[in-house]
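Undergrad: File my_file10.tsv follows (TSV, C-alpha atoms and all ligand atoms):
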```tsv
chain	number	residue	atom	x	y	z
A	642	MET	CA	-50.22	-175.38	67.66
A	643	LEU	CA	-51.00	-172.08	69.37
A	644	ASP	CA	-47.60	-172.18	71.08
A	645	LYS	CA	-45.92	-172.75	67.77
A	646	VAL	CA	-47.70	-169.80	66.19
A	647	THR	CA	-46.82	-167.52	69.13
A	648	GLU	CA	-43.19	-168.56	68.79
A	649	LEU	CA	-43.27	-167.80	65.08
A	650	ILE	CA	-44.67	-164.30	65.78
A	651	GLY	CA	-41.66	-163.71	68.04
A	652	ASP	CA	-39.30	-164.91	65.30
A	653	VAL	CA	-40.93	-162.62	62.75
A	654	GLN	CA	-40.68	-159.58	64.99
A	655	ALA	CA	-37.03	-160.25	65.76
A	656	PHE	CA	-36.06	-160.80	62.13
A	657	LYS	CA	-33.44	-158.49	60.63
A	658	ALA	CA	-32.20	-158.23	57.06
A	659	VAL	CA	-29.89	-155.91	55.13
A	660	SER	CA	-30.35	-157.11	51.56
A	661	LYS	CA	-33.27	-157.39	49.21
A	662	GLU	CA	-32.52	-161.11	48.76
A	663	GLU	CA	-32.84	-161.81	52.47
A	664	ILE	CA	-36.16	-159.96	52.63
A	665	GLU	CA	-37.49	-161.89	49.64
A	666	ALA	CA	-36.46	-165.22	51.17
A	667	PHE	CA	-38.25	-164.23	54.36
A	668	ARG	CA	-41.39	-163.27	52.44
A	669	ILE	CA	-41.43	-166.56	50.58
A	670	LYS	CA	-40.86	-168.49	53.77
A	671	TYR	CA	-43.86	-166.96	55.55
A	672	LEU	CA	-46.16	-165.50	52.96
A	673	GLY	CA	-45.36	-167.41	49.79
A	674	ASN	CA	-47.75	-169.74	47.98
A	675	LYS	CA	-46.15	-172.69	49.68
A	676	GLY	CA	-45.17	-170.72	52.75
A	677	LEU	CA	-45.66	-171.33	56.45
A	678	LEU	CA	-48.88	-169.37	56.71
A	679	LYS	CA	-50.44	-171.31	53.91
A	680	GLU	CA	-49.52	-174.53	55.67
A	681	LEU	CA	-50.78	-173.31	59.01
A	682	PHE	CA	-54.10	-172.15	57.63
A	683	THR	CA	-54.58	-175.59	56.06
A	684	GLU	CA	-53.80	-177.21	59.40
A	685	PHE	CA	-56.15	-174.73	61.08
A	686	LYS	CA	-59.12	-176.27	59.24
A	687	THR	CA	-58.55	-179.54	61.05
A	688	VAL	CA	-58.33	-178.26	64.64
A	689	ASP	CA	-61.00	-178.61	67.22
A	690	ALA	CA	-63.74	-175.97	67.05
A	691	SER	CA	-63.03	-174.86	70.64
A	692	MET	CA	-59.50	-173.85	69.63
A	693	LYS	CA	-60.48	-172.03	66.47
A	694	LYS	CA	-61.09	-168.57	67.94
A	695	ASP	CA	-57.73	-168.14	69.67
A	696	LEU	CA	-55.76	-169.89	67.00
A	697	GLY	CA	-57.48	-167.93	64.23
A	698	GLN	CA	-56.57	-164.65	65.93
A	699	ALA	CA	-52.98	-165.78	66.46
A	700	LEU	CA	-52.63	-166.78	62.81
A	701	ASN	CA	-53.95	-163.39	61.70
A	702	ARG	CA	-51.44	-161.73	63.96
A	703	LEU	CA	-48.64	-163.80	62.47
A	704	ARG	CA	-49.70	-162.92	58.95
A	705	ASN	CA	-49.92	-159.20	59.79
A	706	ALA	CA	-46.57	-159.29	61.57
A	707	ALA	CA	-44.89	-160.93	58.57
A	708	THR	CA	-46.51	-158.51	56.08
A	709	ASP	CA	-45.54	-155.49	58.20
A	710	LYS	CA	-42.00	-156.80	58.60
A	711	VAL	CA	-41.50	-157.17	54.85
A	712	LYS	CA	-42.77	-153.64	54.27
A	713	GLU	CA	-40.67	-152.17	57.07
A	714	LEU	CA	-37.47	-153.84	55.84
A	715	ASN	CA	-38.06	-152.82	52.23
A	716	ASP	CA	-38.69	-149.20	53.26
A	717	ALA	CA	-35.49	-149.11	55.28
A	718	ILE	CA	-33.44	-150.39	52.35
A	719	GLU	CA	-35.00	-147.83	50.03
A	720	ASP	CA	-34.20	-145.02	52.48
A	721	THR	CA	-30.52	-145.91	52.61
A	722	ALA	CA	-30.43	-146.28	48.84
A	723	SER	CA	-31.92	-142.83	48.30
A	724	SER	CA	-29.74	-141.12	50.91
A	725	LYS	CA	-26.72	-142.78	49.34
A	726	ALA	CA	-27.79	-141.35	46.01
A	727	ILE	CA	-28.02	-137.88	47.52
A	728	TYR	CA	-25.12	-137.81	49.96
A	729	GLY	CA	-22.92	-140.68	48.85
A	730	ASP	CA	-21.85	-143.20	51.44
A	731	LEU	CA	-22.41	-141.55	54.80
A	732	THR	CA	-20.20	-144.04	56.58
A	733	ARG	CA	-17.10	-143.30	54.53
A	734	PRO	CA	-14.20	-141.50	56.27
A	735	SER	CA	-14.39	-137.74	55.74
A	736	GLU	CA	-11.95	-135.62	53.77
A	737	PRO	CA	-9.01	-134.58	55.98
A	738	ILE	CA	-9.38	-130.91	57.01
A	739	GLN	CA	-6.44	-128.81	55.82
A	740	LEU	CA	-5.32	-126.47	58.59
A	741	GLY	CA	-3.58	-123.32	57.46
A	742	SER	CA	-0.65	-121.74	59.24
A	743	ARG	CA	0.28	-118.20	60.10
A	744	HIS	CA	2.78	-116.47	57.87
A	745	PRO	CA	6.21	-116.16	59.56
A	746	ILE	CA	5.99	-112.36	59.21
A	747	SER	CA	2.71	-112.39	61.16
A	748	LEU	CA	4.19	-114.72	63.76
A	749	VAL	CA	7.13	-112.43	64.40
A	750	ARG	CA	5.02	-109.27	64.31
A	751	ASN	CA	2.58	-110.77	66.85
A	752	ARG	CA	5.44	-111.80	69.08
A	753	ILE	CA	6.96	-108.29	68.99
A	754	ILE	CA	3.56	-106.81	69.85
A	755	GLU	CA	3.18	-109.27	72.71
A	756	VAL	CA	6.60	-108.43	74.17
A	757	PHE	CA	6.04	-104.67	74.06
A	758	SER	CA	2.43	-104.79	75.22
A	759	LYS	CA	3.65	-106.39	78.45
A	760	ILE	CA	5.41	-103.14	79.28
A	761	GLY	CA	2.53	-100.88	78.34
A	762	PHE	CA	3.01	-100.17	74.63
A	763	THR	CA	-0.11	-99.86	72.50
A	764	VAL	CA	-0.29	-100.73	68.80
A	765	SER	CA	-0.88	-97.97	66.25
A	766	GLU	CA	-1.03	-97.90	62.48
A	767	GLY	CA	-0.77	-95.37	59.73
A	768	PRO	CA	-1.33	-95.25	55.96
A	769	GLU	CA	0.98	-96.95	53.46
A	770	ILE	CA	0.44	-94.10	51.01
A	771	GLU	CA	1.97	-91.09	52.73
A	772	ASP	CA	2.63	-87.45	52.17
A	773	ASP	CA	6.06	-85.88	52.21
A	774	TRP	CA	5.47	-84.23	55.58
A	775	HIS	CA	4.93	-87.43	57.58
A	776	ASN	CA	7.52	-89.56	55.79
A	777	PHE	CA	10.28	-86.96	55.54
A	778	THR	CA	9.88	-83.31	56.47
A	779	ALA	CA	8.42	-83.68	59.96
A	780	LEU	CA	11.10	-86.28	60.70
A	781	ASN	CA	13.77	-83.64	60.26
A	782	LEU	CA	14.48	-84.53	56.65
A	783	PRO	CA	13.79	-81.30	54.76
A	784	GLU	CA	13.81	-81.16	50.98
A	785	TYR	CA	17.25	-81.75	49.43
A	786	HIS	CA	18.46	-83.34	52.66
A	787	PRO	CA	21.06	-85.90	51.61
A	788	ALA	CA	19.58	-88.57	53.92
A	789	ARG	CA	16.55	-88.74	51.63
A	790	ASP	CA	18.71	-90.50	49.06
A	791	MET	CA	19.29	-93.38	51.48
A	792	GLN	CA	15.66	-94.34	51.09
A	793	ASP	CA	14.89	-94.86	47.45
A	794	THR	CA	11.33	-93.74	47.29
A	795	PHE	CA	8.40	-94.78	45.12
A	796	PHE	CA	6.56	-91.59	44.28
A	797	ILE	CA	2.90	-91.66	43.35
A	798	GLU	CA	2.31	-87.97	42.73
A	799	GLN	CA	4.50	-84.89	42.64
A	800	ASP	CA	3.84	-81.34	43.91
A	801	PRO	CA	2.73	-82.02	46.54
A	802	ASP	CA	4.58	-85.28	46.89
A	803	ILE	CA	2.55	-88.39	47.62
A	804	LEU	CA	4.59	-91.56	48.05
A	805	LEU	CA	4.71	-95.08	49.40
A	806	ARG	CA	6.11	-94.75	52.92
A	807	THR	CA	9.75	-95.78	53.12
A	808	HIS	CA	9.62	-96.51	56.86
A	809	THR	CA	7.11	-96.78	59.70
A	810	SER	CA	8.67	-93.71	61.35
A	811	SER	CA	5.91	-91.79	59.57
A	812	VAL	CA	3.45	-93.28	62.07
A	813	GLN	CA	5.46	-91.66	64.92
A	814	VAL	CA	4.63	-88.26	63.54
A	815	ARG	CA	0.96	-89.07	63.01
A	816	TYR	CA	0.66	-90.53	66.49
A	817	MET	CA	2.29	-87.50	68.14
A	818	GLU	CA	0.04	-85.15	66.19
A	819	GLU	CA	-3.03	-86.93	67.49
A	820	ASN	CA	-2.05	-87.89	71.04
A	821	GLU	CA	-0.65	-86.10	74.06
A	822	PRO	CA	2.24	-87.52	76.07
A	823	PRO	CA	2.74	-89.82	77.83
A	824	ILE	CA	3.04	-91.84	74.62
A	825	ARG	CA	4.04	-95.47	74.44
A	826	THR	CA	3.27	-97.07	71.12
A	827	ILE	CA	4.60	-99.48	68.54
A	828	SER	CA	3.62	-99.31	64.89
A	829	PRO	CA	4.03	-102.40	62.77
A	830	GLY	CA	3.48	-102.11	59.04
A	831	ARG	CA	4.51	-102.55	55.44
A	832	VAL	CA	7.08	-100.24	53.87
A	833	PHE	CA	8.34	-99.76	50.32
A	834	ARG	CA	11.67	-98.94	48.74
A	835	ASN	CA	12.74	-98.75	45.16
A	836	GLU	CA	15.51	-101.31	45.55
A	837	ASP	CA	16.77	-104.17	43.46
A	838	ILE	CA	15.38	-107.44	44.72
A	839	SER	CA	17.98	-109.91	46.00
A	840	ALA	CA	18.33	-112.57	48.69
A	841	ARG	CA	18.83	-109.83	51.32
A	842	ALA	CA	16.69	-106.96	50.03
A	843	HIS	CA	13.17	-106.51	48.74
A	844	CYS	CA	11.15	-103.54	47.54
A	845	ILE	CA	8.35	-104.41	49.99
A	846	PHE	CA	9.08	-105.34	53.57
A	847	HIS	CA	7.85	-104.82	57.12
A	848	GLN	CA	9.03	-102.74	60.03
A	849	VAL	CA	8.03	-102.08	63.61
A	850	GLU	CA	8.50	-98.57	64.92
A	851	GLY	CA	8.59	-97.82	68.63
A	852	LEU	CA	7.98	-94.47	70.35
A	853	TYR	CA	8.08	-93.42	73.99
A	854	ILE	CA	7.49	-89.81	75.00
A	855	ASP	CA	7.12	-88.54	78.55
A	856	THR	CA	8.78	-86.17	80.99
A	857	ASP	CA	12.32	-87.24	81.93
A	858	VAL	CA	12.76	-90.07	79.44
A	859	SER	CA	16.47	-90.82	79.19
A	860	PHE	CA	18.86	-92.83	77.06
A	861	ALA	CA	19.12	-95.28	79.98
A	862	ASP	CA	15.37	-95.97	79.66
A	863	LEU	CA	15.89	-96.72	75.99
A	864	LYS	CA	18.74	-99.10	76.70
A	865	GLN	CA	16.80	-100.94	79.38
A	866	THR	CA	13.79	-101.36	77.11
A	867	LEU	CA	15.99	-102.74	74.33
A	868	LEU	CA	17.62	-105.15	76.73
A	869	TYR	CA	14.22	-106.36	77.92
A	870	PHE	CA	13.14	-106.81	74.30
A	871	THR	CA	16.19	-108.82	73.22
A	872	LYS	CA	15.89	-111.07	76.25
A	873	GLU	CA	12.21	-111.79	75.59
A	874	MET	CA	12.49	-112.08	71.84
A	875	PHE	CA	15.75	-113.93	71.37
A	876	GLY	CA	16.68	-115.14	74.83
A	877	LYS	CA	19.92	-113.14	74.54
A	878	SER	CA	20.97	-110.74	77.26
A	879	LYS	CA	23.98	-108.95	75.81
A	880	ILE	CA	23.54	-105.92	73.57
A	881	ARG	CA	25.71	-103.07	72.43
A	882	LEU	CA	24.81	-99.68	71.04
A	883	ARG	CA	26.99	-98.27	68.29
A	884	PRO	CA	26.81	-94.53	67.59
A	885	SER	CA	25.02	-93.89	64.31
A	886	TYR	CA	23.10	-91.22	62.50
A	887	PHE	CA	19.37	-90.82	61.83
A	888	PRO	CA	17.93	-87.37	61.10
A	889	PHE	CA	15.01	-87.93	63.49
A	890	THR	CA	17.01	-88.93	66.57
A	891	GLU	CA	19.87	-87.32	68.45
A	892	PRO	CA	21.90	-89.08	69.69
A	893	SER	CA	21.30	-92.10	67.46
A	894	ALA	CA	22.55	-95.65	67.72
A	895	GLU	CA	22.45	-98.99	66.04
A	896	VAL	CA	21.67	-101.93	68.28
A	897	ASP	CA	23.64	-105.16	68.04
A	898	ILE	CA	22.84	-108.27	70.00
A	899	TYR	CA	25.44	-110.78	70.98
A	900	TRP	CA	24.27	-113.89	69.16
A	901	GLY	CA	27.25	-116.04	70.01
A	902	LEU	CA	29.54	-118.26	67.98
A	903	GLU	CA	28.39	-121.70	68.95
A	904	THR	CA	27.45	-123.15	65.60
A	905	GLU	CA	28.59	-122.82	62.05
A	906	VAL	CA	25.40	-120.90	61.27
A	907	ASP	CA	26.30	-118.40	64.04
A	908	TYR	CA	29.62	-117.78	62.30
A	909	LYS	CA	27.89	-117.26	59.02
A	910	ILE	CA	25.15	-114.88	60.12
A	911	THR	CA	27.43	-112.80	62.36
A	912	LYS	CA	30.29	-112.81	59.85
A	913	GLY	CA	32.49	-114.36	62.48
A	914	THR	CA	32.01	-111.55	65.02
A	915	GLY	CA	29.22	-113.04	67.16
A	916	TRP	CA	27.36	-109.71	66.89
A	917	LEU	CA	24.20	-109.01	64.89
A	918	GLU	CA	22.66	-105.68	64.06
A	919	ILE	CA	18.91	-105.70	64.72
A	920	MET	CA	17.64	-102.12	64.82
A	921	GLY	CA	18.17	-98.39	64.83
A	922	CYS	CA	17.23	-96.15	67.73
A	923	GLY	CA	17.84	-92.89	69.49
A	924	MET	CA	16.40	-89.98	71.44
A	925	VAL	CA	13.70	-88.22	69.45
A	926	ASP	CA	15.18	-85.04	67.97
A	927	PRO	CA	13.64	-81.89	69.51
A	928	ASN	CA	12.82	-80.69	66.00
A	929	VAL	CA	10.63	-83.74	65.46
A	930	LEU	CA	8.77	-83.12	68.72
A	931	LYS	CA	8.24	-79.48	67.69
A	932	ASN	CA	6.96	-80.52	64.27
A	933	ALA	CA	4.34	-82.66	65.97
A	934	ASN	CA	3.35	-79.91	68.43
A	935	ILE	CA	5.00	-81.45	71.46
A	936	ASP	CA	7.01	-79.11	73.69
A	937	PRO	CA	10.66	-80.31	73.68
A	938	GLU	CA	11.34	-78.28	76.83
A	939	LYS	CA	8.82	-80.34	78.72
A	940	TYR	CA	9.07	-83.74	77.08
A	941	THR	CA	11.76	-86.08	75.86
A	942	GLY	CA	11.46	-89.46	74.25
A	943	TYR	CA	13.10	-92.30	72.50
A	944	ALA	CA	12.31	-94.10	69.25
A	945	PHE	CA	13.46	-97.27	67.56
A	946	GLY	CA	12.80	-99.10	64.34
A	947	MET	CA	13.42	-102.65	63.19
A	948	GLY	CA	12.80	-104.83	60.17
A	949	ILE	CA	10.48	-107.81	60.71
A	950	GLU	CA	11.89	-109.88	57.83
A	951	ARG	CA	15.38	-109.59	59.22
A	952	ILE	CA	14.27	-110.87	62.62
A	953	ALA	CA	12.20	-113.67	61.09
A	954	MET	CA	15.21	-114.70	58.98
A	955	LEU	CA	17.34	-114.87	62.10
A	956	LEU	CA	14.84	-116.76	64.20
A	957	TYR	CA	13.90	-119.34	61.59
A	958	GLN	CA	17.17	-119.38	59.66
A	959	ILE	CA	15.57	-118.35	56.40
A	960	PRO	CA	18.33	-117.77	53.85
A	961	ASP	CA	16.47	-115.66	51.28
A	962	ILE	CA	14.03	-112.77	51.87
A	963	ARG	CA	12.16	-113.60	48.65
A	964	MET	CA	10.80	-116.77	50.25
A	965	PHE	CA	8.39	-114.66	52.35
A	966	TYR	CA	6.52	-113.47	49.29
A	967	GLU	CA	6.45	-116.54	47.07
A	968	ASN	CA	3.58	-118.23	48.92
A	969	ASP	CA	5.11	-121.65	48.42
A	970	VAL	CA	3.12	-123.95	50.71
A	971	ARG	CA	6.16	-126.15	51.27
A	972	PHE	CA	7.77	-123.12	52.93
A	973	LEU	CA	4.65	-121.87	54.74
A	974	GLU	CA	3.69	-125.29	56.09
A	975	GLN	CA	6.86	-125.35	58.16
A	976	PHE	CA	5.40	-122.69	60.46
A	977	LYS	CA	2.33	-124.71	61.44
A	978	SER	CA	3.20	-125.14	65.07
A	979	VAL	CA	5.56	-122.32	65.92
A	980	LEU	CA	4.96	-119.48	68.40
B	1	LIG	N1	13.35	-95.43	60.10
B	1	LIG	C1	14.61	-96.11	60.16
B	1	LIG	C2	14.78	-96.95	58.90
B	1	LIG	O1	13.85	-97.17	58.20
B	1	LIG	C3	14.67	-96.99	61.35
B	1	LIG	C4	14.76	-96.23	62.60
B	1	LIG	C5	15.98	-95.86	63.10
B	1	LIG	C6	13.61	-95.83	63.28
B	1	LIG	C7	16.09	-95.13	64.26
B	1	LIG	C8	13.72	-95.08	64.44
B	1	LIG	C9	14.98	-94.74	64.92
B	1	LIG	O2	12.66	-94.69	65.14
B	1	LIG	O3	15.05	-94.04	66.07
B	1	LIG	O4	15.84	-97.40	58.62
```
Would you mind giving the structure from this file in structure tokens?
TA:
Amino acid sequence: MLDKVTELIGDVQAFKAVSKEEIEAFRIKYLGNKGLLKELFTEFKTVDASMKKDLGQALNRLRNAATDKVKELNDAIEDTASSKAIYGDLTRPSEPIQLGSRHPISLVRNRIIEVFSKIGFTVSEGPEIEDDWHNFTALNLPEYHPARDMQDTFFIEQDPDILLRTHTSSVQVRYMEENEPPIRTISPGRVFRNEDISARAHCIFHQVEGLYIDTDVSFADLKQTLLYFTKEMFGKSKIRLRPSYFPFTEPSAEVDIYWGLETEVDYKITKGTGWLEIMGCGMVDPNVLKNANIDPEKYTGYAFGMGIERIAMLLYQIPDIRMFYENDVRFLEQFKSVL
């Protein structure tokens, strides 16, 4: 009988249950009015006196083990029930985490910064609300200069004029006023023009300005830098510079890259020529250097400026500039894994 009781203690200790019903059945089996312990204690009365001590102890152990087991299992079930009430089902699959994506304008801006920082350009910024001096006058655009009309300006205050900058060239002036050559900097930022909004134009857009000032900077340096940029940015290695006019540079040029005519889209975006205009550039006009307290006898430099939207539209074949500002997730989600 002792062996049987010892075996039962083992069974009790090994018992597992997950439902209240199972625990109750277990309790009835061992501890119930007609349960095993009751039976065993009845049998115990009939055993030989010499066996009573050991057997009595074993039976007590069995009863304690069964009582403890019932309590332990009930507690465990209550714990899960209360944590379920607080946290819900902890084993359920979690909500999928929504990863955001960078805006295509940021992607292109970061890429431009990366390309120019490899050849020693730093990043500088200036204010979006500008004064007349930094946006126009210091850039060789005095009052009543006809070129001012090309940039339809949002004015905030008049006399003295405070306005939303129409280009990032204003940062050139600020940077030259605050730093001595050699200067190598690019200035990305938001610009504003009072223009009708269409698929190709917006009243808010982004530009990157570039400025390089040192002794003996030549037009050849400018050309080489632009070639390096177009190779890195677009993987294209043919550019041409068309003479142009900007008040702040002399000579001035517009830069075209040879995009090619391989696909139907190429025909469309290059209007059948294979060439695409991507920026304006030139040698910084001596007047601009003077206005920023840099000696034009000692230093020369080049500058360039490009629109980020235009480049993003080219790279990702975005047909309408307004898509950048609509915040439609179906559009933005497409840039999850680029650059
Ligand atoms: N500021 C010009 C614009 O907004 C772009 C530009 C052209 C910047 C030539 C330059 C430059 O620095 O040299 O259209």
Undergrad: So which one's closest to Met817 in chain A, A:Lys670, A:Lys712, A:Arg702, A:His775? Using only C-alpha atoms, please.
TA: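 Ranking A:Lys670, A:Lys712, A:Arg702, A:His775 by distance to Met817 in chain A, first place goes to A:His775.
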Undergrad: Around ligand LIG 1 (chain B), at most 10 Å away and counting all atoms listed in the file, which residues are there? Put them as a PyMOL selection string, please.
TA: chain A and resi 776+780+791-792+806-813+827+832-834+847-852+885-896+920-926+943-948
Undergrad: Separation of CA of Pro927 in chain A and CA of Arg951 in chain A, in Å?
TA: 29.6 Å
Undergrad: Pick the closest to Leu956 in chain A from A:Lys694, A:Arg752, A:Lys657, A:Lys675: which is it, counting all atoms listed in the file?
TA: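 Smallest separation from Leu956 in chain A among the options: A:Arg752.
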Undergrad: Go through A:Lys909, A:Arg963, A:Arg750, A:Arg743 one by one, measure the shortest atom-to-atom distance of each to Arg831 in chain A using only C-alpha atoms, and give the residue with the smallest value.
TA: A:Arg750
Undergrad: One decimal, Å: what's the distance from CA of Asp644 in chain A over to CA of Leu703 in chain A, could you say?
TA: 12.1 Å
Undergrad: Please identify all polymer residues within 9 Å of Val659 in chain A, counting only C-alpha atoms, omitting same-chain residues fewer than 5 positions from it, and present them as a count of residues only.
TA: 4
Undergrad: Could you jot down the CA of Lys931 in chain A to CA of Ala779 in chain A separation for me, Å, one decimal place?
TA: 8.8 Å
Undergrad: Using only C-alpha atoms, which residue out of A:Ile962, A:Phe762, A:Tyr728, A:Ala690 lies closest to Cys844 in chain A?
TA: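 With only C-alpha atoms as the atom set, the closest residue is A:Ile962.
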Undergrad: What would the list of residues within 12 Å of (5.7, -122.3, 53.9) (file frame) look like as a ChimeraX atom specification, if all atoms listed in the file are what count?
TA: /A:741-746,957,959,964-978
Undergrad: Neighbours of Ile824 in chain A within 7 Å (only C-alpha atoms; same-chain residues fewer than 4 positions away dropped), as number ranges by chain?
TA: A: 853-855
Undergrad: Would you mind telling me which residue in A:Ser691, A:Val756, A:Asn934, A:Glu905 lies nearest to Thr866 in chain A when using only C-alpha atoms?
TA: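 Checking each candidate against Thr866 in chain A, we get A:Val756 as the closest.
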Undergrad: Of the candidates A:Ala707, A:Leu748, A:Ala699, A:Ile935, which one gets nearest to Glu665 in chain A if we count all atoms listed in the file?
TA: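 Residue with the minimum atom-to-atom distance to Glu665 in chain A: A:Ala707.
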Undergrad: Show me, as a list of chain:residue names, the residues that have an atom within 12 Å of Thr721 in chain A when counting all atoms listed in the file, minus same-chain residues fewer than 5 positions from it.
TA: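 Listing them by chain and then by number gives A:Val659, A:Ser660, A:Leu714, A:Asn715, A:Asp716, A:Ala726, A:Ile727, A:Tyr728, A:Gly729, A:Asp730, A:Leu731, A:Thr732.
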Undergrad: For the selection you just gave me, I'd like the residues written to a file as a PDB file, in the coordinates of the input, keeping C-alpha atoms.
TA:
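Result written to selection-v7.pdb:
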```pdb
ATOM      1  CA  VAL A 659     -29.890-155.910  55.130  1.00  0.00           C
ATOM      2  CA  SER A 660     -30.350-157.110  51.560  1.00  0.00           C
ATOM      3  CA  LEU A 714     -37.470-153.840  55.840  1.00  0.00           C
ATOM      4  CA  ASN A 715     -38.060-152.820  52.230  1.00  0.00           C
ATOM      5  CA  ASP A 716     -38.690-149.200  53.260  1.00  0.00           C
ATOM      6  CA  ALA A 726     -27.790-141.350  46.010  1.00  0.00           C
ATOM      7  CA  ILE A 727     -28.020-137.880  47.520  1.00  0.00           C
ATOM      8  CA  TYR A 728     -25.120-137.810  49.960  1.00  0.00           C
ATOM      9  CA  GLY A 729     -22.920-140.680  48.850  1.00  0.00           C
ATOM     10  CA  ASP A 730     -21.850-143.200  51.440  1.00  0.00           C
ATOM     11  CA  LEU A 731     -22.410-141.550  54.800  1.00  0.00           C
ATOM     12  CA  THR A 732     -20.200-144.040  56.580  1.00  0.00           C
TER      13      THR A 732
END
```
